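Visitor: Could you have a look at this structure, given as structure tokens, before my questions?
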Amino acid sequence: MKALVLIGGFGTRLRPVTYTVPKQLIPIAGKPMLYHVLDLLPPDVEEVVLATGYKSDIVDAYVRGHPLRWPVRTVPEAQPLGTGGGMKNAADGMSDPFFLLNSDVIADIDMAALARRQADRGGVGVMTLAEVEDTRPYGVAALGEADRITGFVEKPEPERAPSHWINAGVAVYRREVLDAIPPGRPVSFEQEVVPQLLDRGLYGLRLSGYWDDAGTPERLLRSQRLLFDGGRGGKGALPTGCFGSGPVAVMTGATVRGASFGRYVTVGPGAIVESGAYVENSILMDGARVDRDATVIGSLLGPRSRVHPGHRVTGQVLGEHGEA
Ligand code: GTP
């Protein structure tokens, strides 16, 4: 099977960081979000097709420089085509069936079980479903016998939500699903295509492990906590000469001597945390700098941003070259 990964969105909810970096390359628990998502895939996947759009060249350069275990191909869109349009644009040569993944989903999913469920049930596909309290930002499934999806409402008001089971952003589909997408124009897969698939047999697979969509600063940091707690953030040991608790993921070329760390921190490539500084529950992207005696809590520091000596930053997002 091949895997089609949607990675063309603007990531507006993570601005200003996403003005210069596609959100899928933001490091969480020691590696880019995209690489955590792809970790879900079985080793025998034949090819990973990245349906890119916004900042496609940056994604393409990154995956070339940091090879994955599968052959990877980037299929860029000249203009944003939405989720369905992006799938259609990347449809050539797709396997039958194929995996579909959103690139901002941090989850524990057994992909082999997902493929088996599709083979057992027949129909056009199986969508993984996560149970959430607040369904408003998501596509919500109504479920019938054998977890057949009998209705699907995108971003409903709470009183119109048919359940608390939402599209978890990972699925397996038959190729014919791609044929159902109109070509040459933007298409929302969830709004335009999924409702048409219900008569052909679309099933849900309810997830029981952790799941999060890392699309907002709060959820990005929550995803990082999930990854560390699930053992997917490396050892997370405190770096030599540092103090505190951790886990901390220190990436290549980072300098952290003499700093203190609370729980759940990624120090990105080439980032600097000066002595006397304290960092907790945060992500420092490439070349970000936390000066002496500064404090950073619950924040996302964009590339080459800087927190000046003695300053305190809590719950903030700094874009590239941002200062506090
Ligand atoms: P926000 O702007 O913050 O909502 O983020 P987003 O742009 O990523 O949108 P959303 O989280 O709804 O997208 C879900 C998935 O679809 C993500 O993996 C996106 O990268 C991807 N996606 C969204 N729009 C497009 C598009 O026009 N083309 C492609 N190829 N992928 C898209």
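Chain identifiers are assigned as A, B, and so on, following the order in which chains appear in the structure tokens; residues are numbered from 1 within each chain, and ligands are numbered from 1 in order of appearance.
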Write out as an NGL selection string the residues lying within 10 Å of Gly11 (chain A), counting only C-alpha atoms and excluding same-chain residues fewer than 2 positions away.
Guide: :A and (7-9 or 13-19 or 21-24 or 54 or 104 or 215-216)
Visitor: Ligand 1: which residues are within 9 Å, counting only C-alpha atoms and all ligand atoms, as number ranges by chain?
Guide: A: 5-15, 22-24, 50-54, 75-77, 79-87, 89-90, 101-105, 137-138, 169, 186-188, 213-216
Visitor: Considering only C-alpha atoms, return as a PDB file with C-alpha atoms, in the first residue's frame whatever protein or nucleic-acid residues lie within 9 Å of Gly234 (chain A), sequence-local ones (same chain, fewer than 5 positions apart) excluded.
Guide:
ATOM      1  CA  ALA A  29       9.405  15.990  21.297  1.00  0.00           C
ATOM      2  CA  GLY A  30      12.625  16.056  19.300  1.00  0.00           C
ATOM      3  CA  PHE A 228       6.964  12.217  25.692  1.00  0.00           C
ATOM      4  CA  PRO A 247      11.961  15.219  29.717  1.00  0.00           C
ATOM      5  CA  VAL A 248      13.931  17.416  27.351  1.00  0.00           C
ATOM      6  CA  ALA A 249      14.745  16.664  23.726  1.00  0.00           C
TER       7      ALA A 249
END
Visitor: Find the residue from A:Gly236, A:Gly139, A:Gly258, A:Pro182 that sits nearest to Ala161 (chain A); use only C-alpha atoms when measuring.
Guide: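 Selected residue with least distance to Ala161 (chain A): A:Gly139.
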Visitor: Glu280 (chain A): which residues within 8 Å, counting only C-alpha atoms, same-chain residues fewer than 2 positions away excluded, as a list in words?
Guide: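 Skipping anything fewer than 2 positions along the chain leaves Phe261, Gly262, Arg263, Tyr264, Val265, Tyr278, Ser282, Val296, Ile297 and Gly298 of chain A.
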Visitor: I need the chosen residues saved as a compact mmCIF listing (two decimals), in the first residue's frame, with C-alpha atoms.
Guide:
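Once everything was written out, this is result_25.txt:
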# COMPACT_ATOMS: atom_id res chain seq x y z
CA PHE A 261 14.37 22.62 32.62
CA GLY A 262 10.89 21.72 33.79
CA ARG A 263 8.90 19.02 32.03
CA TYR A 264 8.32 18.59 28.27
CA VAL A 265 10.76 20.73 26.30
CA TYR A 278 14.49 28.19 32.92
CA SER A 282 7.81 24.71 25.43
CA VAL A 296 10.01 30.46 29.09
CA ILE A 297 6.86 28.52 30.01
CA GLY A 298 4.13 27.09 27.76
Visitor: Identify, with DSSP run on backbone atoms, the residues in region 127-181 of chain A assigned to alpha helix (DSSP H), and express the list as a list in words.
Guide: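 Filtering region 127-181 of chain A to alpha helix (DSSP H) leaves Glu176, Val177, Leu178 and Asp179 of chain A.
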Visitor: When you draw a straight line from CA of Arg69 (chain A) to CA of Asp92 (chain A), how long is it in Å?
Guide: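 Computed distance, CA of Arg69 (chain A) to CA of Asp92 (chain A), equals 21.8 Å.
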Visitor: For Met94 (chain A), which of A:Val279, A:Leu178, A:Val317, A:Val256 is the closest residue, counting only C-alpha atoms?
Guide: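 Checking each candidate against Met94 (chain A), we get A:Leu178 as the closest.
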Visitor: To one decimal place in Å, what is the distance between CA of Arg306 (chain A) and CA of Asp291 (chain A)?
Guide: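 Separation of CA of Arg306 (chain A) and CA of Asp291 (chain A): 7.5 Å.
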Visitor: Rounded to one decimal, what separation in Å do you get between CA of Arg304 (chain A) and CA of His321 (chain A)?
Guide: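 Calculated distance between CA of Arg304 (chain A) and CA of His321 (chain A) is 5.0 Å.
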Visitor: When you count only C-alpha atoms, which of these residues is closest to Pro183 (chain A): A:Ala91, A:Ala130, A:Ala271, A:Ala78?
Guide: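 Going through A:Ala91, A:Ala130, A:Ala271, A:Ala78 one by one, the smallest distance to Pro183 (chain A) is for A:Ala91.
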Visitor: Pick from A:Ser260, A:Glu46, A:Leu227, A:Pro217: nearest to Gln316 (chain A), with only C-alpha atoms counted?
Guide: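 Under the stated criterion, the closest residue is A:Pro217.
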Visitor: Looking at only C-alpha atoms, which of A:Lys55, A:Ile109, A:Ser208, A:Ser299 is the one that sits closest to Gln224 (chain A)?
Guide: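 Checking each of A:Lys55, A:Ile109, A:Ser208, A:Ser299 against Gln224 (chain A), counting only C-alpha atoms, the winner is A:Ser299.
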Visitor: Would you please work out which residue, of A:Glu274, A:Glu133, A:Asp293, A:Asp108, is nearest to Leu207 (chain A) when using only C-alpha atoms?
Guide: A:Asp108
Visitor: Please list as a PyMOL selection string every residue within 9 Å of Gly322 (chain A), counting only C-alpha atoms and excluding residues in the same chain fewer than 2 positions away.
Guide: chain A and resi 301-307+317-320+324
Visitor: Can you check which residues of region 162-273 of chain A DSSP gives as strand (DSSP E) on the backbone and send them as a list of chain:residue names?
Guide: A:Trp165, A:Ile166, A:Asn167, A:Ala168, A:Gly169, A:Val170, A:Ala171, A:Val172, A:Tyr173, A:Leu202, A:Tyr203, A:Gly204, A:Leu205, A:Arg206, A:Trp211, A:Asp212, A:Asp213, A:Phe243, A:Gly244, A:Val248, A:Ala249, A:Val250, A:Ser260, A:Phe261, A:Val265, A:Thr266, A:Val267, A:Ile272, A:Val273
Visitor: Using the selection just defined, write its residues with C-alpha atoms as a JSON list (two decimals), in the first residue's frame.
Guide:
[["chain", "number", "residue", "atom", "x", "y", "z"],
["A", 165, "TRP", "CA", -16.77, 10.55, 17.46],
["A", 166, "ILE", "CA", -14.81, 12.75, 15.09],
["A", 167, "ASN", "CA", -12.68, 12.19, 12.01],
["A", 168, "ALA", "CA", -9.24, 11.50, 13.48],
["A", 169, "GLY", "CA", -7.47, 12.38, 10.21],
["A", 170, "VAL", "CA", -6.15, 8.91, 9.42],
["A", 171, "ALA", "CA", -8.03, 6.52, 7.14],
["A", 172, "VAL", "CA", -7.78, 3.79, 4.55],
["A", 173, "TYR", "CA", -9.70, 4.21, 1.28],
["A", 202, "LEU", "CA", -17.80, 3.84, 4.87],
["A", 203, "TYR", "CA", -16.89, 2.47, 8.30],
["A", 204, "GLY", "CA", -15.42, 3.92, 11.47],
["A", 205, "LEU", "CA", -12.60, 2.53, 13.60],
["A", 206, "ARG", "CA", -12.87, 3.91, 17.13],
["A", 211, "TRP", "CA", -5.02, 11.27, 19.84],
["A", 212, "ASP", "CA", -4.59, 14.97, 19.26],
["A", 213, "ASP", "CA", -4.63, 17.42, 16.42],
["A", 243, "PHE", "CA", 19.26, 21.12, 36.24],
["A", 244, "GLY", "CA", 15.60, 20.26, 36.78],
["A", 248, "VAL", "CA", 13.93, 17.42, 27.35],
["A", 249, "ALA", "CA", 14.74, 16.66, 23.73],
["A", 250, "VAL", "CA", 17.88, 18.50, 22.66],
["A", 260, "SER", "CA", 17.21, 24.59, 34.15],
["A", 261, "PHE", "CA", 14.37, 22.62, 32.62],
["A", 265, "VAL", "CA", 10.76, 20.73, 26.30],
["A", 266, "THR", "CA", 12.20, 20.54, 22.80],
["A", 267, "VAL", "CA", 15.33, 22.56, 22.11],
["A", 272, "ILE", "CA", 20.65, 28.27, 22.67],
["A", 273, "VAL", "CA", 19.51, 28.27, 26.29]]
